[in-house]
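Reading through the structure tokens given below for one structure.
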Amino acid sequence: MTLYDKIYKWLDERFKLRELLPPILKHPAPEYAVSNPLYCLGGTAFLCFLILVITGIFLAMYYKPTPEEAYKSVQNIMTAVPMGSLIRSLHHWAANTMIAAVMLHMIRVYFMGAYKKPRELNWVVGIFLLLTVTTFGFSGYLLPWDQLSFWATKIGTGIAGSIPIIGGYISLILMGGNDIGADTITRFFALHVLILPMAIAILLGMHFLMVRIQGISGRL
Amino acid sequence: MAIIEVEKKQAEEQQKEPVRVRGLPFFPHFLLREVVVMCLIAGSLLLLASLYPASLLKPADPFTTPTPIYPEWYFLYVFGFLKFWTYDIGPIPAKIIGVTVPMILWYGLLILVPFIDRNPSSDIRKRKIAVAIGIIVLLGLLFFTYYGIVHGE
């Protein structure tokens, strides 16, 4: 008996792997979803998400969310931290690719009519995922605290602030005051590394679970 | 590749005979393809990140407005629509319409898509209206994105 068999047997006696694994591993994926590359878009977005989580954790180890330190800490990541430039650039590219993949995935689902009964609610969850992903991009954009991020956030909070009725509250909650400052940067940081990751984890779980229960929609 | 045959009951069509769907087992066949695609994408991202590193401009200065300034590319259509729409409708000012339509109305309509489109067919030839609306909306998004780039502040 090899070591692998021993470990498998040990786990099998405790978790009934023999019953548990085959439905997961042998679950059939429809042939059209395997051969058509258009079905890769959702998976591409998910891979980008995983890369973003890993590179994001490394960036959070060096980043300092204050107006005085933010720019210097990003400069430090780009010039002094080993591999820092690569990690931040990967984070940047994975973020943009993820948003593009999410949009293309949505276009694919729309034109294939894959949102129809029984998958209506999965489309709704998908729209909330799109909102979460773009908010991720928006909140992450400010963090380097350079001219581009500061003024793009100025436009963004300005646009959000002019929505009737709720706009004023949205911009107050986002900025933590009347102008972009120390409170804004900590709020955007908390949003980017705490609130949105939790939201996206829950939404992704729902999204995948529904695909698993309802199967992949086919035909074109 | 081993293709397995799976029985799939279609309760809606009340068929006595089970419909056979050709499929591949998730492991290892489906996962293998996923891993290949993932390697290609991870490789492309590494290449892009090495050739075109993320930029870092001058530190933020609240007193110096750079020109031109743009939002992120995926918000350009909102920005473009705001610049494009300069007409008041009755008592509603143009600016309110300019922000409400591409944010609130747009996402509201997107959420409602499965409930508006009640056509049960997912055959593209039987969904001419939905496909036409989709193409018009896509062209509209591209137009407002372009408008946003041209009319940057």
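Labels used: A, B, ... for chains in the order of the structure tokens, numbers from 1 for residues in each chain, and numbers from 1 for ligands as shown.
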
(request) Hey, list the chain B side of the contact with chain A: 8 Å cut-off, only C-alpha atoms, answer as number ranges by chain. (result) B: 4, 6, 21-28, 30, 33-34, 37-38, 41, 45-46, 48-50, 52-54, 56-62, 65-66, 69-72, 74, 95-96, 99-100, 107, 110-112, 114-115, 118, 120-124, 131, 134

Output C-alpha atoms for every residue in that selection, as a short mmCIF file (atom, residue, chain, number, x, y, z; two decimals), in the first residue's frame.
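Ended up saving to again-v4.cif:
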data_model
loop_
_atom_site.label_atom_id
_atom_site.label_comp_id
_atom_site.auth_asym_id
_atom_site.auth_seq_id
_atom_site.Cartn_x
_atom_site.Cartn_y
_atom_site.Cartn_z
CA ILE B 4 -19.92 9.98 -21.65
CA VAL B 6 -25.90 11.32 -19.58
CA VAL B 21 -27.03 14.84 -23.59
CA ARG B 22 -23.46 14.25 -24.68
CA GLY B 23 -21.08 15.41 -22.02
CA LEU B 24 -17.57 15.15 -20.64
CA PRO B 25 -16.79 14.33 -17.02
CA PHE B 26 -15.77 17.42 -15.05
CA PHE B 27 -12.59 15.67 -13.89
CA PRO B 28 -10.23 15.28 -15.62
CA PHE B 30 -13.30 19.55 -18.45
CA ARG B 33 -9.24 22.33 -20.74
CA GLU B 34 -9.85 24.92 -18.01
CA VAL B 37 -6.98 28.19 -20.83
CA MET B 38 -5.98 29.45 -17.37
CA ILE B 41 -4.47 33.82 -19.67
CA LEU B 45 -1.29 38.78 -18.03
CA LEU B 46 2.33 38.23 -16.94
CA LEU B 48 1.31 42.51 -20.29
CA ALA B 49 2.40 43.30 -16.72
CA SER B 50 6.08 42.99 -17.64
CA TYR B 52 3.41 47.65 -19.72
CA PRO B 53 3.82 48.19 -15.95
CA ALA B 54 1.07 50.00 -14.04
CA LEU B 56 2.25 56.09 -11.24
CA LEU B 57 1.95 59.78 -12.06
CA LYS B 58 2.80 62.77 -9.90
CA PRO B 59 1.39 62.77 -6.33
CA ALA B 60 -2.22 63.95 -5.96
CA ASP B 61 -2.49 67.72 -5.84
CA PRO B 62 -5.98 69.07 -5.05
CA THR B 65 -6.27 70.10 -12.20
CA PRO B 66 -4.56 68.09 -14.93
CA ILE B 69 -8.93 64.06 -17.14
CA TYR B 70 -10.84 60.88 -17.80
CA PRO B 71 -12.55 58.33 -15.57
CA GLU B 72 -11.65 54.63 -15.92
CA TYR B 74 -15.51 51.24 -18.03
CA LYS B 95 -27.62 67.08 -15.53
CA ILE B 96 -30.05 64.98 -13.46
CA VAL B 99 -26.49 60.87 -14.37
CA THR B 100 -29.75 59.02 -13.71
CA TYR B 107 -28.78 49.00 -14.11
CA LEU B 110 -30.32 45.24 -16.87
CA ILE B 111 -31.68 43.55 -13.72
CA LEU B 112 -35.13 43.30 -15.31
CA PRO B 114 -35.14 38.20 -17.87
CA PHE B 115 -38.50 39.54 -16.71
CA ARG B 118 -40.68 36.64 -21.84
CA PRO B 120 -39.06 31.33 -24.05
CA SER B 121 -36.95 30.57 -27.13
CA SER B 122 -33.18 30.82 -26.91
CA ASP B 123 -32.81 30.24 -30.65
CA ILE B 124 -31.18 33.40 -32.01
CA VAL B 131 -31.00 40.66 -30.60
CA GLY B 134 -28.89 44.16 -27.78
#

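The two atoms in question, atom CA of A:Thr55 and atom CA of A:Thr184, are spaced 23.0 Å apart.
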
(request) Skip A:Ser171 itself and residues of its chain fewer than 3 positions away, then list as a ChimeraX atom specification all residues within 6 Å of it, counting only C-alpha atoms. (result) /A:157,161,168,174-175

For those residues, write N, CA, C and O atoms to a file as a PDB file, in the first residue's frame.
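The resulting file, part-v7.pdb, is shown below:
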ATOM      1  N   THR A 157     -17.026  60.674  -7.888  1.00  0.00           N
ATOM      2  CA  THR A 157     -17.871  61.030  -6.741  1.00  0.00           C
ATOM      3  C   THR A 157     -18.802  62.187  -7.114  1.00  0.00           C
ATOM      4  O   THR A 157     -19.926  62.264  -6.615  1.00  0.00           O
ATOM      5  N   GLY A 161     -22.657  61.872  -6.825  1.00  0.00           N
ATOM      6  CA  GLY A 161     -23.277  62.858  -5.945  1.00  0.00           C
ATOM      7  C   GLY A 161     -24.436  63.608  -6.578  1.00  0.00           C
ATOM      8  O   GLY A 161     -25.276  64.167  -5.873  1.00  0.00           O
ATOM      9  N   GLY A 168     -26.536  62.662  -2.682  1.00  0.00           N
ATOM     10  CA  GLY A 168     -25.850  63.363  -1.607  1.00  0.00           C
ATOM     11  C   GLY A 168     -25.347  62.412  -0.533  1.00  0.00           C
ATOM     12  O   GLY A 168     -24.212  62.533  -0.054  1.00  0.00           O
ATOM     13  N   LEU A 174     -19.243  57.805   0.752  1.00  0.00           N
ATOM     14  CA  LEU A 174     -18.005  57.445   0.066  1.00  0.00           C
ATOM     15  C   LEU A 174     -16.831  58.294   0.537  1.00  0.00           C
ATOM     16  O   LEU A 174     -15.752  57.775   0.831  1.00  0.00           O
ATOM     17  N   MET A 175     -17.048  59.612   0.616  1.00  0.00           N
ATOM     18  CA  MET A 175     -15.918  60.502   0.889  1.00  0.00           C
ATOM     19  C   MET A 175     -15.682  60.727   2.381  1.00  0.00           C
ATOM     20  O   MET A 175     -14.618  61.167   2.782  1.00  0.00           O
TER      21      MET A 175
END

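Here the question is which of B:Pro93, B:Pro68, B:Gly43, B:Pro102 gets nearest to B:Leu141 using only C-alpha atoms, and that residue is B:Pro102.
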
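Running DSSP on the backbone gives strand (DSSP E) for these residues within chain B: Ile4, Glu5, Val6, Glu7, Lys8, Val19, Arg20, Val21, Arg22, Gly23, Leu24 and Pro25 of chain B.
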
Could the residues in this selection be saved with N, CA, C and O atoms as a JSON list (two decimals), in the first residue's frame?
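Saved to again_30.json:
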[["chain", "number", "residue", "atom", "x", "y", "z"],
["B", 4, "ILE", "N", -18.93, 10.80, -22.35],
["B", 4, "ILE", "CA", -19.92, 9.98, -21.65],
["B", 4, "ILE", "C", -21.31, 10.45, -22.00],
["B", 4, "ILE", "O", -21.52, 11.60, -22.38],
["B", 5, "GLU", "N", -22.25, 9.56, -21.92],
["B", 5, "GLU", "CA", -23.63, 9.92, -22.23],
["B", 5, "GLU", "C", -24.43, 10.03, -20.94],
["B", 5, "GLU", "O", -24.31, 9.20, -20.04],
["B", 6, "VAL", "N", -25.18, 11.08, -20.82],
["B", 6, "VAL", "CA", -25.90, 11.32, -19.58],
["B", 6, "VAL", "C", -27.39, 11.44, -19.87],
["B", 6, "VAL", "O", -27.79, 12.05, -20.85],
["B", 7, "GLU", "N", -28.17, 10.86, -19.02],
["B", 7, "GLU", "CA", -29.61, 10.97, -19.20],
["B", 7, "GLU", "C", -30.09, 12.26, -18.57],
["B", 7, "GLU", "O", -29.70, 12.64, -17.48],
["B", 8, "LYS", "N", -30.95, 12.96, -19.28],
["B", 8, "LYS", "CA", -31.47, 14.21, -18.76],
["B", 8, "LYS", "C", -32.98, 14.22, -18.94],
["B", 8, "LYS", "O", -33.47, 14.11, -20.05],
["B", 19, "VAL", "N", -33.98, 12.27, -22.72],
["B", 19, "VAL", "CA", -33.13, 12.85, -23.75],
["B", 19, "VAL", "C", -31.68, 12.64, -23.36],
["B", 19, "VAL", "O", -31.29, 12.88, -22.22],
["B", 20, "ARG", "N", -30.89, 12.22, -24.29],
["B", 20, "ARG", "CA", -29.48, 11.98, -23.97],
["B", 20, "ARG", "C", -28.65, 13.21, -24.33],
["B", 20, "ARG", "O", -28.73, 13.71, -25.44],
["B", 21, "VAL", "N", -27.90, 13.69, -23.36],
["B", 21, "VAL", "CA", -27.03, 14.84, -23.59],
["B", 21, "VAL", "C", -25.60, 14.34, -23.58],
["B", 21, "VAL", "O", -25.17, 13.65, -22.66],
["B", 22, "ARG", "N", -24.86, 14.67, -24.64],
["B", 22, "ARG", "CA", -23.46, 14.25, -24.68],
["B", 22, "ARG", "C", -22.63, 15.17, -23.78],
["B", 22, "ARG", "O", -22.77, 16.38, -23.87],
["B", 23, "GLY", "N", -21.84, 14.58, -22.94],
["B", 23, "GLY", "CA", -21.08, 15.41, -22.02],
["B", 23, "GLY", "C", -19.75, 14.80, -21.67],
["B", 23, "GLY", "O", -19.49, 13.63, -21.93],
["B", 24, "LEU", "N", -18.89, 15.61, -21.09],
["B", 24, "LEU", "CA", -17.57, 15.15, -20.64],
["B", 24, "LEU", "C", -17.53, 15.22, -19.13],
["B", 24, "LEU", "O", -18.07, 16.15, -18.56],
["B", 25, "PRO", "N", -16.88, 14.24, -18.48],
["B", 25, "PRO", "CA", -16.79, 14.33, -17.02],
["B", 25, "PRO", "C", -15.99, 15.55, -16.60],
["B", 25, "PRO", "O", -14.99, 15.90, -17.24]]

(request) To one decimal in Å, tell me the separation between atom CA of B:Ile104 and atom CA of B:Gly80. (result) 15.7 Å

(message) Can you pull out every residue from stretch 140-187 of chain A that DSSP, working from the backbone, puts in alpha helix (DSSP H), and format the result as a PyMOL selection string?
(response) chain A and resi 140-142+147-161+167-175+182-187

(request) Find the distance between atom CA of B:Tyr147 and atom CA of B:Trp73 and write it in Å to one decimal. (result) 12.0 Å
